[in-house]
$ cat model30.cif   # mmCIF, C-alpha atoms
data_data
loop_
_atom_site.label_atom_id
_atom_site.label_comp_id
_atom_site.auth_asym_id
_atom_site.auth_seq_id
_atom_site.Cartn_x
_atom_site.Cartn_y
_atom_site.Cartn_z
CA MET X 171 96.93 97.69 69.54
CA ALA X 172 100.31 99.01 70.64
CA GLU X 173 99.39 102.53 69.51
CA GLU X 174 96.09 102.32 71.26
CA GLU X 175 97.85 101.19 74.41
CA GLU X 176 100.32 104.06 74.14
CA ALA X 177 97.40 106.49 73.88
CA LEU X 178 95.78 104.97 76.97
CA ILE X 179 99.04 105.21 78.89
CA ALA X 180 99.48 108.84 77.83
CA ARG X 181 95.97 109.66 79.02
CA SER X 182 96.59 107.79 82.27
CA ARG X 183 99.68 109.93 82.84
CA GLY X 184 97.40 112.94 82.67
CA GLY X 185 95.28 111.50 85.48
CA ASP X 186 92.57 109.94 83.30
CA VAL X 187 91.45 107.07 85.49
CA ASN X 188 88.96 105.85 82.88
CA ALA X 189 91.76 105.35 80.38
CA PHE X 190 93.79 103.52 82.99
CA ASN X 191 90.83 101.30 83.82
CA LEU X 192 90.79 100.10 80.22
CA LEU X 193 94.35 98.94 80.78
CA VAL X 194 93.32 97.34 84.05
CA GLU X 195 90.59 95.38 82.27
CA ARG X 196 93.11 94.21 79.71
CA TYR X 197 95.68 92.98 82.20
CA GLN X 198 93.87 92.20 85.41
CA ARG X 199 93.37 88.53 84.73
CA MET X 200 97.05 88.02 84.00
CA VAL X 201 98.22 90.07 86.99
CA TYR X 202 95.79 88.34 89.33
CA SER X 203 96.92 84.92 88.06
CA VAL X 204 100.54 85.71 88.80
CA VAL X 205 99.77 87.19 92.20
CA PHE X 206 97.60 84.25 93.18
CA ARG X 207 100.23 81.74 92.10
CA MET X 208 102.73 83.63 94.19
CA LEU X 209 100.62 83.99 97.33
CA GLY X 210 98.38 80.93 97.16
CA HIS X 211 95.55 82.67 98.94
CA ARG X 212 92.57 84.17 97.19
CA GLN X 213 91.71 87.09 99.47
CA GLU X 214 95.31 88.16 99.81
CA ALA X 215 95.75 87.88 96.07
CA GLU X 216 92.75 90.15 95.47
CA ASP X 217 94.01 92.73 97.96
CA VAL X 218 97.53 92.71 96.61
CA THR X 219 96.34 92.89 92.99
CA GLN X 220 94.20 95.91 93.82
CA GLU X 221 97.10 97.60 95.60
CA ALA X 222 99.36 96.89 92.66
CA PHE X 223 97.00 98.52 90.17
CA LEU X 224 96.49 101.53 92.43
CA SER X 225 100.22 101.89 92.78
CA ALA X 226 100.64 101.56 89.03
CA PHE X 227 98.17 104.36 88.38
CA GLN X 228 99.84 106.63 90.91
CA GLY X 229 103.24 105.91 89.42
CA VAL X 230 102.35 105.69 85.72
CA ALA X 231 104.37 108.84 85.06
CA ARG X 232 107.43 106.73 85.79
CA PHE X 233 106.73 104.24 83.01
CA ARG X 234 109.51 104.80 80.52
CA GLY X 235 108.34 102.63 77.64
CA GLY X 236 109.05 99.00 76.87
CA SER X 237 106.63 96.28 77.81
CA PHE X 238 103.77 97.74 79.83
CA ARG X 239 102.70 94.34 81.04
CA ALA X 240 106.23 93.60 82.25
CA TRP X 241 106.18 96.94 84.09
CA LEU X 242 102.82 96.07 85.66
CA LEU X 243 104.11 92.68 86.69
CA ARG X 244 107.18 94.22 88.26
CA ILE X 245 104.91 96.29 90.48
CA ALA X 246 102.79 93.23 91.23
CA ALA X 247 105.90 91.17 92.02
CA ASN X 248 107.21 93.84 94.41
CA ALA X 249 103.82 93.90 96.07
CA CYS X 250 103.93 90.09 96.40
CA TYR X 251 107.44 90.12 97.89
CA ASP X 252 106.42 92.79 100.39
CA HIS X 253 103.32 90.82 101.31
CA LEU X 254 105.28 87.60 101.71
CA ARG X 255 107.76 89.40 103.93
CA PHE X 256 104.86 90.76 105.98
CA ARG X 257 103.35 87.30 106.17
CA ARG X 258 106.60 85.82 107.43
CA ARG X 259 106.67 88.36 110.24
CA ARG X 260 103.04 87.72 111.16
CA PRO X 261 102.12 84.18 110.21
CA THR X 262 98.36 84.30 110.70
CA VAL X 263 97.41 82.83 107.36
CA SER X 264 98.68 79.47 106.39
CA LEU X 265 98.67 78.05 102.94
CA ASP X 266 96.46 75.28 104.29
CA VAL X 267 93.63 77.59 103.35
CA LEU X 268 94.18 76.36 99.84
CA GLU X 269 93.90 72.77 100.97
CA SER X 270 90.71 73.32 102.90
CA GLU X 271 88.83 74.70 99.94
CA SER X 272 88.51 71.28 98.41
CA GLY X 273 85.92 70.47 95.86
CA ASN X 274 86.58 73.62 93.88
CA PRO X 275 88.95 73.14 91.03
CA LEU X 276 90.73 76.37 91.91
CA PRO X 277 89.57 77.99 95.13
CA GLY X 278 87.69 81.25 94.87
CA HIS X 279 87.59 81.46 91.10
CA ILE X 280 85.00 81.13 88.45
CA ALA X 281 85.81 77.81 86.89
CA SER X 282 86.30 78.15 83.18
CA PRO X 283 85.90 75.25 80.78
CA GLU X 284 89.68 75.02 80.55
CA GLU X 285 89.93 74.72 84.30
CA HIS X 286 87.57 71.76 84.28
CA VAL X 287 89.88 69.99 81.90
CA LEU X 288 92.56 70.04 84.56
CA ARG X 289 91.11 68.24 87.54
CA GLY X 290 91.04 70.14 90.85
CA GLU X 291 93.37 67.72 92.61
CA LEU X 292 96.07 68.13 90.02
CA ALA X 293 95.80 71.91 90.03
CA ARG X 294 96.08 71.89 93.79
CA LEU X 295 99.14 69.66 93.63
CA ILE X 296 100.80 71.96 91.11
CA GLU X 297 100.04 74.98 93.25
CA GLU X 298 101.40 73.18 96.29
CA GLY X 299 104.54 72.46 94.33
CA LEU X 300 104.83 76.11 93.37
CA GLY X 301 104.28 77.13 96.97
CA GLN X 302 107.30 75.20 98.19
CA LEU X 303 109.66 76.93 95.77
CA PRO X 304 111.80 79.86 96.91
CA GLU X 305 110.01 83.07 95.91
CA GLU X 306 112.31 84.12 93.10
CA GLN X 307 112.26 80.69 91.50
CA ARG X 308 108.49 80.59 91.90
CA LEU X 309 108.11 83.90 90.09
CA ALA X 310 110.37 82.80 87.24
CA VAL X 311 108.42 79.57 86.79
CA VAL X 312 105.04 81.33 87.00
CA LEU X 313 106.04 83.97 84.47
CA CYS X 314 107.71 81.67 81.96
CA ASP X 315 105.92 78.35 82.29
CA VAL X 316 102.48 79.36 83.50
CA GLN X 317 102.07 82.74 81.82
CA GLY X 318 104.24 82.05 78.79
CA PHE X 319 106.60 85.00 79.13
CA SER X 320 109.84 84.93 77.22
CA TYR X 321 113.12 85.00 79.13
CA GLU X 322 113.54 88.63 78.08
CA GLU X 323 110.17 89.76 79.30
CA ALA X 324 110.62 87.83 82.54
CA ALA X 325 113.98 89.56 83.01
CA GLU X 326 112.29 92.92 82.48
CA ALA X 327 109.48 92.05 84.90
CA THR X 328 111.88 90.92 87.60
CA ARG X 329 114.55 93.55 86.88
CA SER X 330 117.19 90.90 86.68
CA SER X 331 119.60 89.68 84.03
CA LEU X 332 118.83 87.03 81.44
CA GLY X 333 121.32 84.70 83.13
CA THR X 334 119.55 85.10 86.46
CA VAL X 335 116.18 84.29 84.91
CA LYS X 336 117.60 81.18 83.22
CA SER X 337 119.21 80.02 86.44
CA ARG X 338 116.10 80.55 88.57
CA LEU X 339 113.90 78.88 85.98
CA SER X 340 116.20 75.90 85.69
CA ARG X 341 116.40 75.41 89.45
CA GLY X 342 112.69 75.99 89.93
CA ARG X 343 111.79 73.41 87.32
CA ALA X 344 114.20 70.88 88.81
CA ARG X 345 112.73 71.34 92.27
CA LEU X 346 109.21 70.95 90.92
CA ARG X 347 110.22 67.81 89.10
CA ASP X 348 111.53 66.37 92.37
CA PHE X 349 108.31 67.42 94.11
CA PHE X 350 106.15 65.69 91.53
CA LYS X 351 108.28 62.56 91.80
CA GLU X 352 107.68 62.49 95.55
CA HIS X 353 103.93 62.83 95.01
CA ARG X 354 103.81 60.57 92.01
CA GLU X 355 100.78 58.66 93.25
CA LEU X 356 98.72 61.86 93.28
CA LEU X 357 99.31 62.55 89.62
CA PRO X 358 96.65 61.38 87.24
CA SER X 359 97.63 58.36 85.21
CA LEU X 360 97.89 60.53 82.15
CA TYR X 361 100.99 62.11 83.63
CA ARG X 362 102.17 59.40 85.96
CA HIS X 363 104.06 57.35 83.48
CA ARG X 364 106.08 60.35 82.38
CA THR X 365 107.46 61.03 85.85
CA MET U 260 126.62 61.02 87.69
CA ASP U 261 129.80 62.20 86.04
CA VAL U 262 130.90 65.75 85.39
CA ARG U 263 129.68 65.73 81.81
CA CYS U 264 126.19 64.61 82.87
CA ARG U 265 126.07 67.34 85.48
CA GLN U 266 127.06 69.96 82.91
CA VAL U 267 124.43 68.73 80.46
CA ARG U 268 121.68 68.62 83.07
CA ASP U 269 122.41 72.21 84.01
CA ARG U 270 121.72 73.09 80.38
CA LEU U 271 118.61 70.97 79.86
CA SER U 272 116.19 73.74 80.82
CA GLU U 273 117.61 76.11 78.20
CA TYR U 274 117.93 73.30 75.70
CA MET U 275 114.26 72.50 76.13
CA ASP U 276 113.37 76.14 75.42
CA GLY U 277 115.62 76.24 72.36
CA ARG U 278 117.79 78.89 73.95
CA LEU U 279 121.20 77.27 73.66
CA LYS U 280 123.75 78.51 71.17
CA GLU U 281 124.43 76.27 68.21
CA GLY U 282 127.68 74.75 69.47
CA GLU U 283 126.35 74.02 72.92
CA ARG U 284 123.10 72.59 71.58
CA ARG U 285 125.05 70.14 69.48
CA ARG U 286 127.20 69.04 72.41
CA VAL U 287 124.09 68.45 74.55
CA GLU U 288 122.43 66.44 71.80
CA GLU U 289 125.52 64.32 71.34
CA HIS U 290 125.58 63.54 75.03
CA LEU U 291 121.85 62.81 75.15
CA ALA U 292 122.21 60.36 72.29
CA ALA U 293 124.68 58.39 74.40
CA CYS U 294 123.24 58.83 77.89
CA PRO U 295 119.83 57.29 78.76
CA GLU U 296 119.83 58.78 82.26
CA CYS U 297 120.13 62.29 80.91
CA ARG U 298 117.48 61.55 78.30
CA TRP U 299 115.18 60.45 81.10
CA GLU U 300 116.00 63.61 83.00
CA LEU U 301 114.98 65.65 79.95
CA GLU U 302 111.70 63.75 79.68
CA GLU U 303 110.91 64.41 83.31
CA LEU U 304 111.65 68.08 82.84
CA ARG U 305 109.37 68.21 79.80
CA ALA U 306 106.57 66.55 81.74
CA THR U 307 107.00 69.02 84.60
CA VAL U 308 106.81 72.01 82.32
CA GLY U 309 103.94 70.36 80.48
CA LEU U 310 101.99 70.21 83.72
CA LEU U 311 102.69 73.83 84.47
CA ARG U 312 101.58 74.93 81.03
CA GLN U 313 98.27 73.22 81.62
CA LEU U 314 97.41 75.66 84.36
CA PRO U 315 95.01 78.16 82.77
CA PRO U 316 94.90 81.85 83.62
CA LEU U 317 92.59 82.43 86.52
CA THR U 318 89.39 84.39 86.30
CA PRO U 319 89.08 86.60 89.36
CA ARG U 320 85.75 87.03 91.02
CA ARG U 321 85.94 90.79 90.97
CA SER U 322 87.22 93.61 88.86
CA PHE U 323 90.23 95.65 89.88
CA THR U 324 89.29 98.86 88.07
CA LEU U 325 89.92 101.97 90.12
CA SER U 326 87.16 104.26 91.31
CA PRO U 327 87.74 108.02 91.02
CA ALA U 328 87.29 108.40 94.78
CA VAL U 329 90.16 106.03 95.44
CA VAL U 330 92.56 107.87 93.17
CA ALA U 331 91.54 111.42 94.14
CA PRO U 332 94.64 113.54 94.58
CA ARG U 333 95.66 113.62 98.16
CA VAL U 334 96.88 116.62 100.03
CA ARG U 335 100.58 116.15 100.20
CA LEU U 336 101.58 117.09 103.68
CA PHE U 337 105.13 115.91 103.48
CA PRO U 338 106.56 119.05 101.77
CA VAL U 339 104.82 121.29 104.31
CA LEU U 340 106.10 119.27 107.27
CA ARG U 341 109.57 119.17 105.81
CA MET U 342 109.67 122.98 105.52
CA ALA U 343 108.28 123.40 109.03
CA SER U 344 110.94 121.04 110.44
CA LEU U 345 113.65 122.97 108.62
CA ALA U 346 112.31 126.30 109.92
CA ALA U 347 112.21 124.95 113.48
CA ALA U 348 115.74 123.60 113.16
CA LEU U 349 117.05 126.93 111.82
CA LEU U 350 115.29 128.87 114.55
CA LEU U 351 116.73 126.58 117.20
CA LEU U 352 120.18 126.97 115.72
CA PHE U 353 119.76 130.74 115.62
CA LEU U 354 118.61 130.92 119.23
CA THR U 355 121.29 128.58 120.53
CA GLY U 356 123.96 130.47 118.66
CA GLY U 357 122.52 133.81 119.74
CA GLU U 358 122.36 132.75 123.36
CA TYR U 359 125.95 131.66 123.27
CA LEU U 360 127.06 134.97 121.78
CA PHE U 361 124.82 137.03 124.05
CA THR U 362 125.85 135.44 127.33
CA SER U 363 129.57 135.05 126.61
CA PRO U 364 130.33 138.81 127.31
CA GLN U 365 128.57 138.36 130.68
CA ARG U 366 130.69 135.37 131.35
CA ALA U 367 133.81 137.38 130.43
CA ALA U 368 132.74 140.24 132.73
CA ALA U 369 132.14 137.96 135.72
CA PRO U 370 135.84 137.40 136.59
CA GLU U 371 136.35 141.27 136.60
CA MET U 372 133.56 141.63 139.13
CA GLU U 373 135.30 139.23 141.47
CA SER U 374 138.68 140.92 141.25
CA THR U 375 137.49 144.56 141.99
CA VAL U 376 135.21 143.69 144.91
CA PRO U 377 136.66 140.77 146.71
CA GLN U 378 134.42 141.17 149.79
CA ALA U 379 131.37 141.34 147.55
CA ALA U 380 132.24 138.11 145.84
CA PRO U 381 129.74 135.64 147.24
CA THR U 382 130.34 132.05 147.97
CA PRO U 383 127.82 130.04 146.01
CA SER U 384 126.22 128.59 149.12
CA ARG U 385 125.35 131.97 150.61
CA LEU U 386 122.00 133.42 149.67
CA GLY U 387 121.87 137.07 148.65
CA ALA U 388 125.61 137.34 148.99
CA PRO U 389 126.02 140.16 146.46
CA GLU U 390 123.55 142.28 148.39
CA THR U 391 125.22 141.41 151.67
CA GLY U 392 128.50 142.44 150.19
CA ALA U 393 126.94 145.67 148.95
CA ARG U 394 125.50 146.41 152.40
CA LEU U 395 128.75 145.62 154.13
CA ALA U 396 130.78 147.77 151.80
CA PRO U 397 129.64 151.20 153.20
CA VAL U 398 130.61 150.15 156.78
CA PRO U 399 134.28 151.32 156.56
CA ALA U 400 135.37 154.85 157.60
CA PRO U 401 133.71 157.87 156.00
CA GLY U 402 136.99 159.02 154.61
CA GLU U 403 137.19 156.06 152.56
CA SER U 404 133.59 156.01 151.74
CA LYS U 405 133.91 157.84 148.49
CA ASP U 406 136.28 155.35 147.14
CA ARG U 407 134.52 152.58 148.83
CA GLY U 408 131.25 154.11 147.87
CA VAL U 409 132.06 153.77 144.26
CA ALA U 410 133.32 150.31 144.58
CA PRO U 411 130.31 149.04 146.48
CA SER U 412 128.01 150.66 143.98
CA ALA U 413 129.75 148.92 141.15
CA PRO U 414 129.00 145.44 142.38
CA PRO U 415 125.29 146.17 142.67
CA ALA U 416 125.28 147.47 139.09
CA SER U 417 126.91 144.47 137.54
CA PRO U 418 124.94 141.91 139.52
CA VAL U 419 121.79 143.66 138.28
CA ALA U 420 122.94 143.44 134.68
CA GLY U 421 124.01 139.89 135.38
CA GLU U 422 120.61 139.18 136.86
CA GLU U 423 118.94 140.39 133.72
CA SER U 424 121.06 138.08 131.60
CA THR U 425 120.57 135.22 134.03
CA ARG U 426 116.80 135.81 133.84
CA ALA U 427 116.95 135.88 130.04
CA VAL U 428 118.92 132.65 129.78
CA PRO U 429 116.33 130.42 131.47
CA ALA U 430 113.63 131.94 129.26
CA LEU U 431 115.71 131.22 126.21
CA ARG U 432 116.36 127.73 127.44
CA TRP U 433 112.65 127.08 127.72
CA LEU U 434 112.12 128.42 124.25
CA GLU U 435 114.91 126.23 122.93
CA LEU U 436 113.47 123.21 124.67
CA PHE U 437 110.06 123.98 123.20
CA LEU U 438 111.60 124.30 119.75
CA LEU U 439 113.48 121.05 120.17
CA VAL U 440 110.32 119.19 121.12
CA THR U 441 108.49 120.82 118.19
CA LEU U 442 111.33 119.84 115.87
CA VAL U 443 111.23 116.23 117.02
CA PHE U 444 107.47 116.13 116.55
CA LEU U 445 107.57 117.79 113.11
CA GLY U 446 110.46 115.61 111.99
CA GLY U 447 108.62 112.48 113.03
CA ALA U 448 105.43 113.63 111.31
CA ALA U 449 107.36 114.50 108.14
CA PHE U 450 108.95 111.04 108.07
CA TRP U 451 105.57 109.39 108.62
CA ARG U 452 103.96 111.37 105.77
CA TRP U 453 106.92 110.62 103.54
CA ARG U 454 106.36 106.92 104.11
CA GLN U 455 102.64 107.28 103.43
CA GLU U 456 102.96 109.45 100.34
CA SER U 457 105.76 107.65 98.54
CA THR U 458 104.42 105.37 95.84
CA PRO U 459 104.77 101.80 97.00
CA TYR U 460 106.00 98.90 94.89
CA ILE U 461 107.56 101.05 92.19
CA ARG U 462 111.21 100.62 93.00
CA LYS U 463 114.36 101.09 90.99
#
$ encode --input "model30.cif" --output "structure tokens"
Amino acid sequence: MAEEEEALIARSRGGDVNAFNLLVERYQRMVYSVVFRMLGHRQEAEDVTQEAFLSAFQGVARFRGGSFRAWLLRIAANACYDHLRFRRRRPTVSLDVLESESGNPLPGHIASPEEHVLRGELARLIEEGLGQLPEEQRLAVVLCDVQGFSYEEAAEATRSSLGTVKSRLSRGRARLRDFFKEHRELLPSLYRHRT
Amino acid sequence: MDVRCRQVRDRLSEYMDGRLKEGERRRVEEHLAACPECRWELEELRATVGLLRQLPPLTPRRSFTLSPAVVAPRVRLFPVLRMASLAAALLLLFLTGGEYLFTSPQRAAAPEMESTVPQAAPTPSRLGAPETGARLAPVPAPGESKDRGVAPSAPPASPVAGEESTRAVPALRWLELFLLVTLVFLGGAAFWRWRQESTPYIRK
């Protein structure tokens, strides 16, 4: 798998867009998940994900080895930060868009069987909780707790030290815990007794 | 909450992930065994992370594969604009420097003109004063005309040369102004293309 990926990356460096698209197909779900969790808005997440992959193809010559998915996520994270900065300067889209798309478990997505397991209300609450975190803490929590990255890979994806990742993760989790405590009544009974 | 509790709670996230060193892990566990509040804190943290881990990866509605048209190599204008800006800047520098060198002998000669032909020296407010001075110069006595003849002829010669240089300077100035405007335009265009052509999101 790793060798095959190296071959695809080498071909992508030579301008082979078909080879790169195989990598896109492998990682797009993961990248889109992270971007959506960061931005909280489907259309923006699609646009930013597309821009991130385009940028990755144009800059693939600069990939120096290591974890390719961490490198991809670094590009996606930079794209998210830029978009969030842009959004702060021109606040035309509010995160209420997420709230208004009620009824869907996760707005704008094809609901998988796993998604049905987690009721829509709970998912929305979790995403609201993520949305109120500072961006760097949000990214650390999304990478480590939602996507299952190790500290090391999260450090590589965010170009920060291990200590920084640990600190952001710790603070992000604590803030989320406080958020869930405030909205205790919205948690399903399965989780309520634990918080 | 005492200091020890605060220290342990700061470590609970790493403890939960099994990322504490042996000595520190033991100290945290010893404290947890004796502190129900901190144990409760750990349980809340576990539940929080448990919720997060329940979120499945999302399935986007569309594919993000790239079409060949989107990734077709673009004409990179930035290097061309950069060279053009540099050429314009060098030309401007050359002309400005050349003008300074070219006109400075004329400026050096101007005081000599004034000292040899005092009556020909015009006041700035008078129009055509050099010519007036030249016409007036032959008026003195014929005996003196030879000497005076030479002197009056000299002023006409140097004003003519001076006129040529004064005609050239405005032309140069226009050219320099044109080059300056071109340079500003090219520089702005080069900067704009540089912004467009640099790969976004891939930062050090």
$ residues_around --input "model30.cif" --residues "stretch 427-441 of chain U" --least-positions-apart "2" --cutoff "10 Å" --atoms "only C-alpha atoms" --output "tab-separated table (two decimals) with C-alpha atoms, keeping the file's coordinate frame"
chain	number	residue	atom	x	y	z
U	343	ALA	CA	108.28	123.40	109.03
U	344	SER	CA	110.94	121.04	110.44
U	347	ALA	CA	112.21	124.95	113.48
U	348	ALA	CA	115.74	123.60	113.16
U	349	LEU	CA	117.05	126.93	111.82
U	350	LEU	CA	115.29	128.87	114.55
U	351	LEU	CA	116.73	126.58	117.20
U	352	LEU	CA	120.18	126.97	115.72
U	353	PHE	CA	119.76	130.74	115.62
U	354	LEU	CA	118.61	130.92	119.23
U	355	THR	CA	121.29	128.58	120.53
U	357	GLY	CA	122.52	133.81	119.74
U	358	GLU	CA	122.36	132.75	123.36
U	359	TYR	CA	125.95	131.66	123.27
U	361	PHE	CA	124.82	137.03	124.05
U	362	THR	CA	125.85	135.44	127.33
U	421	GLY	CA	124.01	139.89	135.38
U	422	GLU	CA	120.61	139.18	136.86
U	423	GLU	CA	118.94	140.39	133.72
U	424	SER	CA	121.06	138.08	131.60
U	425	THR	CA	120.57	135.22	134.03
U	443	VAL	CA	111.23	116.23	117.02
U	444	PHE	CA	107.47	116.13	116.55
U	445	LEU	CA	107.57	117.79	113.11
U	446	GLY	CA	110.46	115.61	111.99
U	447	GLY	CA	108.62	112.48	113.03
$ resolve_selection --input "model30.cif" --expression "the PyMOL selection byres ((chain X) within 6 of (chain U))" --output "PyMOL selection string"
chain X and resi 191+194+199+203+220+245+248-249+279-280+315-316+340+347+365
$ atom_distance --input "model30.cif" --atom1 "atom CA of X:Leu254" --atom2 "atom CA of X:Val205"
11.0 Å
$ residues_around --input "model30.cif" --residues "stretch 281-296 of chain U" --least-positions-apart "5" --cutoff "8 Å" --atoms "all atoms listed in the file" --output "number ranges by chain"
U: 264, 267, 270, 274
$ atom_distance --input "model30.cif" --atom1 "atom CA of X:Gly342" --atom2 "atom CA of X:Cys314"
11.0 Å
$ residues_near_point --input "model30.cif" --point "(91.1, 97.3, 76.9)" --cutoff "12 Å" --atoms "only C-alpha atoms" --output "ChimeraX atom specification"
/X:171-172,174-179,188-199 /U:324
$ write_last_selection --input "model30.cif" --atoms "C-alpha atoms" --output "mmCIF file, in the frame of the given file"
data_model
loop_
_atom_site.group_PDB
_atom_site.id
_atom_site.type_symbol
_atom_site.label_atom_id
_atom_site.label_comp_id
_atom_site.auth_asym_id
_atom_site.auth_seq_id
_atom_site.Cartn_x
_atom_site.Cartn_y
_atom_site.Cartn_z
ATOM 1 C CA MET X 171 96.930 97.690 69.540
ATOM 2 C CA ALA X 172 100.310 99.010 70.640
ATOM 3 C CA GLU X 174 96.090 102.320 71.260
ATOM 4 C CA GLU X 175 97.850 101.190 74.410
ATOM 5 C CA GLU X 176 100.320 104.060 74.140
ATOM 6 C CA ALA X 177 97.400 106.490 73.880
ATOM 7 C CA LEU X 178 95.780 104.970 76.970
ATOM 8 C CA ILE X 179 99.040 105.210 78.890
ATOM 9 C CA ASN X 188 88.960 105.850 82.880
ATOM 10 C CA ALA X 189 91.760 105.350 80.380
ATOM 11 C CA PHE X 190 93.790 103.520 82.990
ATOM 12 C CA ASN X 191 90.830 101.300 83.820
ATOM 13 C CA LEU X 192 90.790 100.100 80.220
ATOM 14 C CA LEU X 193 94.350 98.940 80.780
ATOM 15 C CA VAL X 194 93.320 97.340 84.050
ATOM 16 C CA GLU X 195 90.590 95.380 82.270
ATOM 17 C CA ARG X 196 93.110 94.210 79.710
ATOM 18 C CA TYR X 197 95.680 92.980 82.200
ATOM 19 C CA GLN X 198 93.870 92.200 85.410
ATOM 20 C CA ARG X 199 93.370 88.530 84.730
ATOM 21 C CA THR U 324 89.290 98.860 88.070
#
$ atom_distance --input "model30.cif" --atom1 "atom CA of U:Met275" --atom2 "atom CA of X:Arg239"
25.2 Å
$ residues_around --input "model30.cif" --residues "X:Ala240" --least-positions-apart "6" --cutoff "9 Å" --atoms "all atoms listed in the file" --output "VMD selection string"
chain X and resid 323 to 328
$ axis_aligned_box --input "model30.cif" --around "stretch 435-445 of chain U" --padding-each-side "8 Å" --output "JSON"
{"center_x": 111.2, "center_y": 121.2, "center_z": 118.9, "size_x": 23.4, "size_y": 26.1, "size_z": 27.6}
$ resolve_selection --input "model30.cif" --expression "the PyMOL selection byres ((chain X and resi 228-234) around 8)" --output "PyMOL selection string"
(chain X and resi 179+182-183+224-227+235-236+238+241) or (chain U and resi 330+458+461)
$ decode --input "model30.cif" --residues "stretch 217-229 of chain X" --atoms "N, CA and C atoms" --output "short mmCIF file (atom, residue, chain, number, x, y, z; two decimals), in the first residue's frame"
data_model
loop_
_atom_site.label_atom_id
_atom_site.label_comp_id
_atom_site.auth_asym_id
_atom_site.auth_seq_id
_atom_site.Cartn_x
_atom_site.Cartn_y
_atom_site.Cartn_z
N ASP X 217 -16.38 23.50 -1.34
CA ASP X 217 -15.51 24.41 -2.10
C ASP X 217 -14.08 24.37 -1.57
N VAL X 218 -13.96 24.42 -0.27
CA VAL X 218 -12.63 24.46 0.34
C VAL X 218 -11.91 23.13 0.12
N THR X 219 -12.63 22.03 0.19
CA THR X 219 -12.01 20.72 -0.04
C THR X 219 -11.49 20.64 -1.48
N GLN X 220 -12.28 21.12 -2.41
CA GLN X 220 -11.86 21.09 -3.81
C GLN X 220 -10.60 21.95 -4.00
N GLU X 221 -10.62 23.14 -3.41
CA GLU X 221 -9.46 24.03 -3.51
C GLU X 221 -8.22 23.38 -2.90
N ALA X 222 -8.43 22.69 -1.81
CA ALA X 222 -7.29 22.06 -1.13
C ALA X 222 -6.67 20.98 -2.01
N PHE X 223 -7.50 20.17 -2.66
CA PHE X 223 -6.96 19.12 -3.51
C PHE X 223 -6.28 19.71 -4.75
N LEU X 224 -6.85 20.77 -5.28
CA LEU X 224 -6.22 21.42 -6.44
C LEU X 224 -4.85 21.98 -6.05
N SER X 225 -4.83 22.62 -4.90
CA SER X 225 -3.57 23.16 -4.40
C SER X 225 -2.56 22.05 -4.15
N ALA X 226 -3.03 20.94 -3.63
CA ALA X 226 -2.14 19.82 -3.35
C ALA X 226 -1.53 19.27 -4.66
N PHE X 227 -2.33 19.18 -5.69
CA PHE X 227 -1.80 18.69 -6.96
C PHE X 227 -0.76 19.65 -7.52
N GLN X 228 -1.07 20.95 -7.45
CA GLN X 228 -0.14 21.94 -7.98
C GLN X 228 1.15 21.99 -7.19
N GLY X 229 1.06 21.64 -5.91
CA GLY X 229 2.26 21.72 -5.08
C GLY X 229 2.85 20.38 -4.70
#
